[in-house]
file coords-v1.txt (compact mmCIF, C-alpha atoms)
# COMPACT_ATOMS: atom_id res chain seq x y z
CA MET A 1 105.36 125.32 187.32
CA ALA A 2 107.14 128.12 185.43
CA PRO A 3 105.32 129.52 182.36
CA ALA A 4 108.17 128.38 180.08
CA SER A 5 107.74 124.78 181.30
CA GLN A 6 103.98 124.98 180.84
CA LEU A 7 104.43 126.30 177.31
CA SER A 8 106.89 123.50 176.64
CA GLN A 9 104.22 120.96 177.68
CA ILE A 10 101.71 122.62 175.34
CA GLN A 11 104.25 122.64 172.54
CA GLN A 12 105.06 118.95 173.03
CA ALA A 13 101.39 117.96 173.05
CA ILE A 14 100.91 119.70 169.71
CA LEU A 15 104.14 118.39 168.15
CA SER A 16 103.42 114.82 169.27
CA GLY A 17 100.14 114.82 167.36
CA ASN A 18 97.89 115.05 170.42
CA PRO A 19 96.69 118.67 170.36
CA ALA A 20 93.50 117.86 172.28
CA GLU A 21 95.69 117.29 175.34
CA VAL A 22 96.17 121.05 175.67
CA GLY A 23 92.68 121.26 177.15
CA SER A 24 93.91 119.42 180.25
CA LEU A 25 97.14 121.39 180.58
CA PRO A 26 97.34 124.61 182.62
CA VAL A 27 97.35 127.92 180.75
CA PRO A 28 100.61 129.74 181.55
CA GLU A 29 100.33 132.97 183.52
CA SER A 30 102.67 134.65 181.04
CA TYR A 31 104.20 134.16 177.61
CA ARG A 32 106.67 135.77 175.21
CA GLY A 33 105.30 138.30 172.76
CA VAL A 34 106.70 140.85 170.31
CA THR A 35 105.92 144.31 171.65
CA VAL A 36 106.32 148.01 171.15
CA HIS A 37 106.53 150.24 174.23
CA ALA A 38 104.48 153.37 174.88
CA ASP A 39 107.47 155.19 176.36
CA GLU A 40 109.42 154.79 173.11
CA VAL A 41 106.98 156.32 170.61
CA ASP A 42 109.31 159.32 170.07
CA MET A 43 112.44 157.24 169.50
CA PHE A 44 112.51 157.92 165.72
CA GLU A 45 111.60 161.60 165.92
CA GLY A 46 113.25 163.57 163.12
CA LEU A 47 114.04 160.52 160.97
CA ALA A 48 112.57 159.87 157.54
CA SER A 49 110.29 156.84 157.40
CA ARG A 50 112.81 154.82 155.40
CA ASP A 51 115.46 155.34 158.09
CA LYS A 52 113.35 154.07 160.99
CA ASP A 53 114.55 150.63 162.09
CA PRO A 54 111.98 148.13 163.48
CA ARG A 55 114.82 146.18 165.12
CA LYS A 56 115.14 149.03 167.63
CA SER A 57 111.45 149.32 168.52
CA LEU A 58 110.26 145.70 168.47
CA HIS A 59 111.01 143.78 171.67
CA VAL A 60 110.44 140.18 172.74
CA ASP A 61 108.99 140.52 176.24
CA GLU A 62 107.47 138.21 178.83
CA VAL A 63 103.89 139.50 179.21
CA PRO A 64 100.93 138.40 181.38
CA THR A 65 98.35 136.15 179.75
CA PRO A 66 95.15 138.21 179.35
CA GLU A 67 91.88 137.28 181.02
CA LEU A 68 89.65 135.24 178.70
CA GLY A 69 86.30 136.91 178.06
CA PRO A 70 82.96 135.75 176.62
CA GLY A 71 83.10 134.89 172.93
CA GLU A 72 86.88 134.73 172.93
CA ALA A 73 89.62 132.13 172.58
CA LEU A 74 93.21 131.77 173.71
CA VAL A 75 95.38 130.19 171.02
CA ALA A 76 98.82 128.59 171.31
CA VAL A 77 100.55 130.26 168.37
CA MET A 78 102.74 127.99 166.27
CA ALA A 79 103.54 130.58 163.61
CA SER A 80 102.69 134.10 162.51
CA ALA A 81 103.70 136.49 159.74
CA ILE A 82 104.71 140.09 159.04
CA ASN A 83 102.31 142.55 157.47
CA TYR A 84 102.70 146.23 156.65
CA ASN A 85 100.63 147.09 159.70
CA THR A 86 103.38 145.55 161.86
CA VAL A 87 105.88 147.81 160.10
CA TRP A 88 103.65 150.85 160.66
CA THR A 89 103.30 149.90 164.32
CA SER A 90 107.06 149.50 164.73
CA ILE A 91 107.88 152.93 163.26
CA PHE A 92 104.90 154.60 165.00
CA GLU A 93 103.33 155.77 161.74
CA PRO A 94 100.96 157.24 160.77
CA LEU A 95 100.44 157.50 164.54
CA PRO A 96 101.37 155.37 167.56
CA THR A 97 99.00 152.42 167.96
CA PHE A 98 98.64 153.21 171.66
CA LYS A 99 96.03 155.76 170.60
CA PHE A 100 94.00 152.90 169.13
CA LEU A 101 94.38 150.87 172.32
CA LYS A 102 93.35 153.76 174.54
CA LYS A 103 90.24 154.44 172.45
CA TYR A 104 89.31 150.74 172.50
CA GLY A 105 89.88 150.61 176.24
CA ARG A 106 87.16 153.21 176.80
CA LEU A 107 84.54 151.00 175.14
CA SER A 108 83.91 148.52 177.97
CA PRO A 109 85.49 146.95 181.05
CA LEU A 110 86.47 143.96 178.89
CA ALA A 111 88.07 146.17 176.25
CA LYS A 112 90.01 147.98 178.98
CA ARG A 113 92.38 144.97 179.05
CA HIS A 114 93.86 146.16 175.74
CA ASP A 115 94.90 149.60 177.01
CA LEU A 116 98.39 148.82 178.26
CA PRO A 117 101.82 150.52 178.13
CA TYR A 118 102.96 147.78 175.77
CA HIS A 119 101.36 146.46 172.59
CA VAL A 120 101.69 142.78 171.56
CA VAL A 121 101.56 143.03 167.78
CA GLY A 122 100.78 140.73 164.84
CA SER A 123 97.70 140.15 162.68
CA ASP A 124 98.24 136.55 161.49
CA LEU A 125 98.50 133.19 163.23
CA SER A 126 98.27 129.46 162.91
CA GLY A 127 98.00 127.41 166.07
CA VAL A 128 95.88 125.39 168.45
CA VAL A 129 92.95 126.52 170.58
CA LEU A 130 93.87 126.42 174.28
CA ARG A 131 90.67 127.67 175.88
CA THR A 132 87.38 129.20 174.84
CA GLY A 133 85.26 131.70 176.73
CA ALA A 134 81.61 131.59 177.65
CA GLY A 135 79.24 131.32 174.71
CA VAL A 136 81.76 129.68 172.34
CA HIS A 137 80.45 126.37 171.00
CA SER A 138 82.01 125.96 167.53
CA TRP A 139 85.60 125.62 168.71
CA GLN A 140 87.20 123.37 171.31
CA PRO A 141 90.64 123.12 172.93
CA GLY A 142 92.89 121.19 170.55
CA ASP A 143 91.35 122.51 167.32
CA GLU A 144 94.00 123.47 164.77
CA VAL A 145 93.17 126.92 163.47
CA VAL A 146 94.20 130.00 161.60
CA ALA A 147 92.83 133.44 162.46
CA HIS A 148 91.71 136.35 160.34
CA CYS A 149 92.28 139.82 161.78
CA LEU A 150 88.78 141.34 161.96
CA ASN A 151 87.93 142.24 165.54
CA VAL A 152 84.30 143.35 165.69
CA GLU A 153 81.84 143.99 168.52
CA LEU A 154 78.55 143.70 166.52
CA GLU A 155 76.50 145.57 169.11
CA SER A 156 75.56 148.21 166.55
CA PRO A 157 73.07 147.49 163.73
CA ASP A 158 75.58 148.90 161.25
CA GLY A 159 77.63 145.72 161.15
CA HIS A 160 74.88 143.21 160.55
CA ASN A 161 74.86 143.49 156.77
CA ASP A 162 78.64 143.66 156.42
CA THR A 163 80.70 143.35 159.59
CA MET A 164 83.38 145.61 158.12
CA MET A 165 80.81 148.41 158.50
CA ASP A 166 80.45 147.89 162.25
CA THR A 167 81.07 151.04 164.25
CA GLU A 168 83.56 149.14 166.44
CA GLN A 169 85.44 147.29 163.71
CA ARG A 170 89.17 146.97 164.38
CA ILE A 171 92.19 145.10 163.05
CA TRP A 172 93.41 142.60 165.64
CA GLY A 173 97.07 143.01 166.60
CA PHE A 174 97.13 146.53 165.15
CA GLU A 175 94.17 148.33 166.70
CA THR A 176 93.85 145.77 169.50
CA ASN A 177 96.37 144.15 171.82
CA PHE A 178 97.44 140.50 172.30
CA GLY A 179 98.30 139.88 168.63
CA GLY A 180 99.73 136.88 166.84
CA LEU A 181 103.48 137.54 166.99
CA ALA A 182 103.64 135.72 170.30
CA GLU A 183 103.46 132.30 171.93
CA ILE A 184 99.83 132.86 172.97
CA ALA A 185 97.24 135.14 171.38
CA LEU A 186 93.78 136.35 172.36
CA VAL A 187 91.17 136.43 169.59
CA LYS A 188 87.43 136.57 169.25
CA ALA A 189 86.07 133.11 168.39
CA ASN A 190 84.58 134.48 165.17
CA GLN A 191 88.12 135.15 163.94
CA LEU A 192 88.93 131.43 163.86
CA MET A 193 88.99 129.24 160.74
CA PRO A 194 90.22 125.67 160.15
CA LYS A 195 93.92 125.31 159.43
CA PRO A 196 94.46 123.84 155.93
CA GLY A 197 95.74 120.31 156.54
CA HIS A 198 98.23 120.20 153.67
CA LEU A 199 100.20 123.22 154.89
CA THR A 200 102.91 123.60 157.49
CA TRP A 201 102.35 125.91 160.45
CA GLU A 202 104.35 128.73 158.88
CA GLU A 203 102.68 128.34 155.48
CA ALA A 204 99.21 128.29 157.02
CA ALA A 205 99.93 131.44 159.06
CA SER A 206 101.08 133.52 156.11
CA PRO A 207 97.97 134.05 153.91
CA GLY A 208 95.42 135.31 156.48
CA LEU A 209 95.50 139.09 156.27
CA VAL A 210 96.66 139.55 152.68
CA ASN A 211 94.63 136.69 151.20
CA SER A 212 91.39 137.91 152.79
CA THR A 213 92.15 141.52 151.87
CA ALA A 214 92.79 140.60 148.22
CA TYR A 215 89.64 138.45 148.12
CA ARG A 216 87.35 141.28 149.24
CA GLN A 217 89.16 143.87 147.15
CA LEU A 218 89.07 141.91 143.91
CA VAL A 219 86.53 139.06 144.06
CA SER A 220 83.79 140.08 146.50
CA ARG A 221 80.74 142.12 145.58
CA ASN A 222 81.93 144.52 148.26
CA GLY A 223 85.01 145.14 146.14
CA ALA A 224 85.59 145.02 142.37
CA ASP A 225 83.30 141.98 141.79
CA MET A 226 85.73 140.52 139.24
CA LYS A 227 84.29 138.34 136.47
CA GLN A 228 85.74 136.00 133.86
CA GLY A 229 87.62 137.82 131.12
CA ASP A 230 88.25 141.01 133.10
CA VAL A 231 91.60 142.64 132.46
CA VAL A 232 93.03 143.31 135.94
CA LEU A 233 96.01 145.64 136.41
CA ILE A 234 97.85 144.52 139.57
CA TRP A 235 100.48 146.74 141.15
CA GLY A 236 103.20 144.94 143.08
CA ALA A 237 101.99 141.66 141.65
CA SER A 238 104.71 139.54 143.28
CA GLY A 239 104.33 141.13 146.73
CA GLY A 240 102.42 140.09 149.81
CA LEU A 241 99.07 141.45 148.60
CA GLY A 242 99.53 141.48 144.84
CA SER A 243 100.60 137.83 144.68
CA TYR A 244 97.15 136.80 145.96
CA ALA A 245 95.41 139.18 143.56
CA THR A 246 97.37 137.57 140.73
CA GLN A 247 96.26 134.11 141.86
CA PHE A 248 92.62 135.16 142.24
CA ALA A 249 92.64 136.70 138.76
CA LEU A 250 94.09 133.55 137.21
CA ASN A 251 91.86 131.20 139.21
CA GLY A 252 88.76 133.28 138.37
CA GLY A 253 89.27 133.41 134.62
CA ALA A 254 90.47 137.02 134.49
CA ILE A 255 93.54 138.36 132.70
CA PRO A 256 96.13 139.82 135.08
CA VAL A 257 98.53 142.50 133.92
CA CYS A 258 101.25 142.28 136.55
CA VAL A 259 103.31 145.36 137.41
CA VAL A 260 106.63 144.60 139.12
CA SER A 261 109.98 146.31 139.66
CA SER A 262 112.60 143.75 138.61
CA PRO A 263 113.20 140.79 136.26
CA GLU A 264 113.22 138.47 139.29
CA LYS A 265 109.77 139.63 140.32
CA ALA A 266 108.55 139.31 136.74
CA GLU A 267 109.74 135.69 136.74
CA ILE A 268 107.76 134.98 139.92
CA CYS A 269 104.59 136.24 138.23
CA ARG A 270 105.23 133.99 135.26
CA ARG A 271 105.79 131.04 137.59
CA MET A 272 102.35 131.74 139.06
CA GLY A 273 100.93 131.52 135.53
CA ALA A 274 100.67 135.17 134.49
CA GLU A 275 101.66 136.01 130.93
CA LEU A 276 101.37 139.81 130.80
CA VAL A 277 104.04 141.47 132.93
CA ILE A 278 105.39 145.03 133.06
CA ASP A 279 108.76 145.69 134.71
CA ARG A 280 108.22 149.34 135.63
CA ASN A 281 111.91 149.94 136.33
CA ALA A 282 113.00 148.48 133.01
CA GLU A 283 110.43 150.71 131.27
CA GLY A 284 111.64 153.70 133.27
CA TYR A 285 108.24 155.06 134.28
CA GLN A 286 108.43 158.30 136.28
CA PHE A 287 104.87 159.27 137.14
CA TRP A 288 105.98 162.35 139.11
CA LYS A 289 108.01 165.19 137.57
CA ASN A 290 108.83 166.42 141.05
CA GLU A 291 107.37 166.26 144.55
CA HIS A 292 104.32 168.30 143.59
CA GLU A 293 103.60 167.62 139.91
CA GLN A 294 102.69 164.43 138.07
CA ASP A 295 103.50 163.65 134.43
CA PRO A 296 100.41 162.79 132.33
CA GLY A 297 102.70 161.87 129.46
CA GLU A 298 103.99 158.98 131.55
CA TRP A 299 100.40 157.90 132.32
CA GLN A 300 99.80 157.79 128.57
CA ARG A 301 102.97 155.82 127.90
CA PHE A 302 101.96 153.37 130.65
CA GLY A 303 98.45 153.00 129.21
CA ALA A 304 99.90 152.34 125.77
CA LYS A 305 102.10 149.56 127.21
CA ILE A 306 99.06 147.91 128.78
CA ARG A 307 97.15 148.02 125.48
CA GLU A 308 100.19 146.61 123.68
CA LEU A 309 100.16 143.59 126.00
CA THR A 310 96.39 143.04 126.02
CA GLY A 311 95.76 143.50 122.31
CA GLY A 312 94.13 146.89 122.77
CA ASP A 313 92.21 146.51 126.03
CA ASP A 314 92.38 148.89 128.96
CA PRO A 315 92.00 147.41 132.46
CA ASP A 316 88.48 146.68 133.67
CA ILE A 317 89.87 146.71 137.22
CA VAL A 318 92.93 148.35 138.74
CA PHE A 319 94.10 146.66 141.95
CA GLU A 320 95.60 149.60 143.85
CA HIS A 321 97.63 149.61 147.03
CA PRO A 322 100.85 151.67 146.50
CA GLY A 323 98.81 154.87 146.77
CA ARG A 324 100.32 158.28 146.12
CA GLU A 325 103.04 157.22 143.69
CA THR A 326 100.75 155.32 141.32
CA PHE A 327 97.21 156.52 141.88
CA GLY A 328 97.14 159.14 139.12
CA ALA A 329 98.32 156.54 136.63
CA SER A 330 95.74 154.04 137.93
CA VAL A 331 92.82 156.41 137.42
CA TYR A 332 94.06 157.26 133.94
CA ALA A 333 94.69 153.64 132.91
CA ALA A 334 91.32 152.14 133.87
CA ARG A 335 88.95 151.69 130.95
CA LYS A 336 85.81 153.78 130.50
CA GLY A 337 83.40 152.60 133.18
CA GLY A 338 86.23 150.74 134.89
CA THR A 339 86.96 150.34 138.59
CA ILE A 340 89.93 151.39 140.69
CA VAL A 341 89.76 149.48 143.98
CA THR A 342 92.15 150.67 146.65
CA CYS A 343 93.42 149.56 150.02
CA ALA A 344 96.47 150.76 151.93
CA SER A 345 98.86 153.40 150.62
CA THR A 346 102.38 152.11 151.07
CA SER A 347 103.91 155.02 149.11
CA GLY A 348 101.77 157.73 150.74
CA TYR A 349 98.18 158.42 151.80
CA LEU A 350 97.50 161.66 149.90
CA HIS A 351 96.36 160.51 146.46
CA GLN A 352 96.19 162.93 143.54
CA PHE A 353 94.56 162.29 140.18
CA ASP A 354 93.04 164.19 137.26
CA ASN A 355 89.31 164.01 137.89
CA ARG A 356 88.49 164.50 134.20
CA TYR A 357 89.57 160.93 133.54
CA LEU A 358 87.32 159.71 136.35
CA TRP A 359 84.21 161.81 135.90
CA MET A 360 84.01 162.07 132.10
CA ASN A 361 84.76 158.37 131.66
CA LEU A 362 82.36 157.19 134.38
CA LYS A 363 85.03 155.33 136.33
CA ARG A 364 84.61 154.31 139.97
CA ILE A 365 86.95 154.35 142.94
CA ILE A 366 86.12 151.81 145.64
CA GLY A 367 87.76 151.81 149.04
CA SER A 368 88.36 148.31 150.42
CA HIS A 369 89.57 147.39 153.90
CA PHE A 370 90.37 143.84 155.02
CA ALA A 371 87.33 141.49 154.82
CA ASN A 372 84.35 140.26 156.78
CA TYR A 373 84.18 136.79 158.32
CA ARG A 374 82.38 135.27 155.35
CA GLU A 375 84.89 136.68 152.86
CA SER A 376 87.81 135.54 155.03
CA TRP A 377 86.27 132.07 155.36
CA GLU A 378 85.84 131.78 151.57
CA ALA A 379 89.42 132.94 150.98
CA ASN A 380 90.71 130.38 153.50
CA ARG A 381 88.54 127.66 151.90
CA LEU A 382 90.25 128.28 148.56
CA ILE A 383 93.60 127.82 150.29
CA ALA A 384 92.39 124.59 151.93
CA LYS A 385 91.24 123.22 148.55
CA GLY A 386 94.58 123.95 146.91
CA LEU A 387 93.13 126.52 144.50
CA ILE A 388 95.10 129.42 146.01
CA HIS A 389 98.53 128.92 147.55
CA PRO A 390 100.67 130.54 150.25
CA THR A 391 103.34 132.94 149.04
CA LEU A 392 105.78 132.40 151.89
CA SER A 393 109.36 133.24 150.94
CA ARG A 394 111.24 133.06 154.24
CA THR A 395 110.69 132.47 157.94
CA TYR A 396 112.37 133.90 161.02
CA SER A 397 112.32 132.94 164.68
CA LEU A 398 110.31 135.00 167.15
CA GLU A 399 113.54 136.59 168.39
CA GLU A 400 114.29 137.77 164.83
CA THR A 401 110.95 139.53 164.27
CA GLY A 402 112.63 142.94 164.15
CA GLN A 403 114.76 141.83 161.20
CA ALA A 404 111.72 140.29 159.51
CA ALA A 405 109.86 143.59 159.85
CA LEU A 406 112.87 145.48 158.50
CA ASP A 407 112.86 143.23 155.42
CA VAL A 408 109.24 144.15 154.75
CA HIS A 409 109.88 147.84 155.50
CA ARG A 410 112.69 147.93 152.95
CA ASN A 411 110.84 145.76 150.42
CA ALA A 412 113.74 143.29 150.58
CA HIS A 413 111.36 140.34 150.31
CA GLN A 414 108.95 138.58 147.99
CA GLY A 415 105.51 137.36 148.97
CA LYS A 416 105.16 136.94 152.72
CA VAL A 417 107.73 136.76 155.52
CA GLY A 418 106.80 134.28 158.26
CA VAL A 419 107.71 134.02 161.94
CA ARG A 420 107.93 130.78 163.94
CA CYS A 421 106.48 131.15 167.42
CA LEU A 422 106.03 127.80 169.19
CA ALA A 423 106.97 125.84 166.06
CA PRO A 424 110.65 124.92 166.63
CA GLU A 425 111.45 124.52 162.93
CA ASP A 426 109.94 124.78 159.46
CA GLY A 427 108.01 121.94 157.89
CA LEU A 428 105.81 120.80 160.79
CA GLY A 429 102.02 120.51 161.02
CA VAL A 430 101.16 118.75 157.74
CA HIS A 431 98.32 116.20 157.87
CA ASP A 432 97.24 115.85 154.23
CA GLN A 433 100.41 114.76 152.48
CA GLU A 434 98.61 113.69 149.29
CA LEU A 435 97.14 117.15 148.65
CA ARG A 436 100.47 118.72 149.54
CA GLU A 437 102.39 116.63 147.02
CA LYS A 438 99.88 117.57 144.34
CA HIS A 439 100.51 121.30 144.86
CA LEU A 440 104.05 121.32 146.22
CA ALA A 441 105.56 123.27 143.33
CA ALA A 442 102.95 126.03 143.69
CA ILE A 443 103.33 126.10 147.49
CA ASN A 444 107.09 126.60 147.07
CA THR A 445 106.89 129.24 144.30
CA PHE A 446 108.20 131.99 146.57
CA ARG A 447 110.51 129.93 148.77
CA GLY A 448 114.02 131.30 148.96
CA VAL A 449 113.34 134.08 146.48
call {"tool": "encode", "arguments": {"input": "coords-v1.txt", "output": "structure tokens"}}
result
Amino acid sequence: MAPASQLSQIQQAILSGNPAEVGSLPVPESYRGVTVHADEVDMFEGLASRDKDPRKSLHVDEVPTPELGPGEALVAVMASAINYNTVWTSIFEPLPTFKFLKKYGRLSPLAKRHDLPYHVVGSDLSGVVLRTGAGVHSWQPGDEVVAHCLNVELESPDGHNDTMMDTEQRIWGFETNFGGLAEIALVKANQLMPKPGHLTWEEAASPGLVNSTAYRQLVSRNGADMKQGDVVLIWGASGGLGSYATQFALNGGAIPVCVVSSPEKAEICRRMGAELVIDRNAEGYQFWKNEHEQDPGEWQRFGAKIRELTGGDDPDIVFEHPGRETFGASVYAARKGGTIVTCASTSGYLHQFDNRYLWMNLKRIIGSHFANYRESWEANRLIAKGLIHPTLSRTYSLEETGQAALDVHRNAHQGKVGVRCLAPEDGLGVHDQELREKHLAAINTFRGV
């Protein structure tokens, strides 16, 4: 039977409400996945980052189904989502991901599978377990799951206190192959978590990476260790990452100060429940005088605006992810003894700040990268309980992934952009209608924005 027919059988078993049947169906020898090609890594040479078009580099290819190894699972992917790492992969910045795959391939014969001339991308999924490898006992074919993106070997002692510290820690679908923007994905079994029953496939797929990242960065003891009453300055508070930070701050009794770039984004923050919002474009902040020199006067004006909103308080925590453009202002704005916690650098990796404001005021900078399994599980549990909600704004078909990535690249989106894989349409996969109805307005906060 052709792979497309076999995938159709798998799809029908899931859509008919009998996902356990997939265990008795054959696994297709190939499937469609969104790829970049090793022989195209120079296609954007000479172009500025903003001019590189993911629609040209992202392909939908028929690829062989990878061999299933010990401790792994094959998942029929119903939906996935776009993250910045997919954008970086598609424009081959800061370096082509094939270098990651080649390095991983040298680790072991099993890891060698990942070193290919094509890279199936994507670091989120919701779907159904098709098969599990040797040594997997917690998951069975037919289980409805979501996946977090931490791929870890755990053969080194370094990872056994915090798996993010493992010497062979990687981000699945970015630093490994066989990612979630596909009809089938290969994951380690310890990436799997239960799919929240009140969410559709596309809603359930969208929080994984950003929700877990925001949880570690803001809530976990490995990050800022937020407490009740903390003033939390959140850059890009309506975006894919910041929208979860805003929710965690509100849910945890903190006071978010949301920084956005338009009245529409400010309104989204207010719909989430935030009261203190700064429209940085309306205020006209220019933190850089030119390419090489920042403007401390603008830091001071920004800090004064924060104190105006909070009744005189500086931020206990600054939730940083834009990077170069904002980092000097973030270090300045944090209160004495405060914390700047940073992940990513969407405006540039080379951060500059005035160290006097850090050292003489005893501030701390904490680097935070994704999350360990426990943190991801807790973040997903909050989603499942209806305490934190997806921020999905729009979904695309698998064939339209290039356009979806372009939207994220150009910041022409709010919240998260989803991609349907085996799910033929939006709105499928809900089992707990009562919980969904209770939180429907919050679930739909970002829809169509």
call {"tool": "residues_near_point", "arguments": {"input": "coords-v1.txt", "point": "(90.8, 122.8, 164.8)", "cutoff": "10 Å", "atoms": "only C-alpha atoms", "output": "list in words"}}
result
Pro19, Ala20, Gly127, Val128, Val129, Ser138, Trp139, Gln140, Pro141, Gly142, Asp143, Glu144, Val145, Val146, Leu192, Met193, Pro194, Lys195, Pro196 and Gly197 of chain A
call {"tool": "residues_around", "arguments": {"input": "coords-v1.txt", "residues": "Gly173 of chain A", "least_positions_apart": "6", "cutoff": "8 Å", "atoms": "all atoms listed in the file", "output": "ChimeraX atom specification"}}
result
/A:120-123,149,179-180
call {"tool": "closest_residue", "arguments": {"input": "coords-v1.txt", "among": "A:Glu375, A:Glu40, A:Asp316, A:Glu325", "to": "Asn290 of chain A", "atoms": "only C-alpha atoms"}}
result
A:Glu325
call {"tool": "closest_residue", "arguments": {"input": "coords-v1.txt", "among": "A:Glu67, A:Gln217, A:Ser156, A:Asn177", "to": "Gly33 of chain A", "atoms": "all atoms listed in the file"}}
result
A:Asn177
call {"tool": "closest_atom_pairs", "arguments": {"input": "coords-v1.txt", "of": "segment 324-406 of chain A", "to": "segment 219-240 of chain A", "cutoff": "10 Å", "atoms": "all atoms listed in the file", "output": "CSV"}}
result
residue,atom,partner,partner_atom,distance
A:Thr326,CA,A:Trp235,CA,8.6
A:Ser330,CA,A:Leu233,CA,8.5
A:Ala333,CA,A:Leu233,CA,8.8
A:Ala334,CA,A:Leu233,CA,8.4
A:Arg335,CA,A:Val231,CA,9.6
A:Gly338,CA,A:Ala224,CA,9.4
A:Thr339,CA,A:Ala224,CA,6.7
A:Ile340,CA,A:Ala224,CA,7.9
A:Val341,CA,A:Ala224,CA,6.3
A:Thr342,CA,A:Gly223,CA,9.0
A:Arg364,CA,A:Ala224,CA,9.6
A:Ile365,CA,A:Ala224,CA,9.4
A:Ile366,CA,A:Gly223,CA,6.8
A:Gly367,CA,A:Gly223,CA,7.8
A:Ser368,CA,A:Gly223,CA,6.3
A:His369,CA,A:Gly223,CA,9.3
A:Ala371,CA,A:Asn222,CA,9.0
A:Asn372,CA,A:Asn222,CA,9.8
A:Glu375,CA,A:Ser220,CA,7.3
A:Glu378,CA,A:Ser220,CA,9.9
A:Ala379,CA,A:Val219,CA,9.7
A:Pro390,CA,A:Gly240,CA,9.7
A:Thr391,CA,A:Gly240,CA,7.2
A:Leu392,CA,A:Gly240,CA,8.6
A:Ser393,CA,A:Gly240,CA,9.8
call {"tool": "residues_near_point", "arguments": {"input": "coords-v1.txt", "point": "(93.4, 138.5, 170.4)", "cutoff": "8 Å", "atoms": "only C-alpha atoms", "output": "count of residues only"}}
result
14
call {"tool": "residues_around", "arguments": {"input": "coords-v1.txt", "residues": "Lys56 of chain A", "least_positions_apart": "6", "cutoff": "10 Å", "atoms": "all atoms listed in the file", "output": "mmCIF file with C-alpha atoms, in the frame of the given file"}}
result
data_model
loop_
_atom_site.group_PDB
_atom_site.id
_atom_site.type_symbol
_atom_site.label_atom_id
_atom_site.label_comp_id
_atom_site.auth_asym_id
_atom_site.auth_seq_id
_atom_site.Cartn_x
_atom_site.Cartn_y
_atom_site.Cartn_z
ATOM 1 C CA VAL A 36 106.320 148.010 171.150
ATOM 2 C CA GLU A 40 109.420 154.790 173.110
ATOM 3 C CA MET A 43 112.440 157.240 169.500
ATOM 4 C CA PHE A 44 112.510 157.920 165.720
ATOM 5 C CA SER A 90 107.060 149.500 164.730
ATOM 6 C CA ILE A 91 107.880 152.930 163.260
ATOM 7 C CA GLY A 402 112.630 142.940 164.150
ATOM 8 C CA GLN A 403 114.760 141.830 161.200
#
call {"tool": "residues_around", "arguments": {"input": "coords-v1.txt", "residues": "Phe100 of chain A", "least_positions_apart": "6", "cutoff": "12 Å", "atoms": "all atoms listed in the file", "output": "list of chain:residue names"}}
result
A:Ala38, A:Thr89, A:Phe92, A:Pro94, A:Arg106, A:Leu107, A:Ala111, A:Lys112, A:His114, A:Asp115, A:Leu116, A:His119, A:Glu168, A:Gln169, A:Arg170, A:Ile171, A:Trp172, A:Gly173, A:Phe174, A:Glu175, A:Thr176, A:Asn177
call {"tool": "residues_around", "arguments": {"input": "coords-v1.txt", "residues": "Ala245 of chain A", "least_positions_apart": "4", "cutoff": "8 Å", "atoms": "all atoms listed in the file", "output": "number ranges by chain"}}
result
A: 214-215, 218, 234, 237, 241, 249, 319
call {"tool": "closest_residue", "arguments": {"input": "coords-v1.txt", "among": "A:Cys343, A:Ala304, A:Ala274, A:Leu382", "to": "Arg216 of chain A", "atoms": "all atoms listed in the file"}}
result
A:Cys343
call {"tool": "closest_residue", "arguments": {"input": "coords-v1.txt", "among": "A:Val419, A:Leu250, A:Met164, A:Ile278", "to": "Phe370 of chain A", "atoms": "all atoms listed in the file"}}
result
A:Met164
call {"tool": "closest_residue", "arguments": {"input": "coords-v1.txt", "among": "A:Glu21, A:Glu45, A:Glu399, A:Glu202", "to": "Val417 of chain A", "atoms": "only C-alpha atoms"}}
result
A:Glu202
call {"tool": "closest_residue", "arguments": {"input": "coords-v1.txt", "among": "A:Leu101, A:Val408, A:Ala76, A:His439", "to": "Leu15 of chain A", "atoms": "all atoms listed in the file"}}
result
A:Ala76
call {"tool": "atom_distance", "arguments": {"input": "coords-v1.txt", "atom1": "atom CA of Thr401 of chain A", "atom2": "atom CA of Glu267 of chain A"}}
result
27.8 Å
call {"tool": "residues_around", "arguments": {"input": "coords-v1.txt", "residues": "Ala441 of chain A", "least_positions_apart": "4", "cutoff": "12 Å", "atoms": "only C-alpha atoms", "output": "VMD selection string"}}
result
chain A and resid 271 to 272 386 389 to 391 435 to 437 445 to 447
call {"tool": "atom_distance", "arguments": {"input": "coords-v1.txt", "atom1": "atom CA of Glu434 of chain A", "atom2": "atom CA of Trp201 of chain A"}}
result
17.0 Å
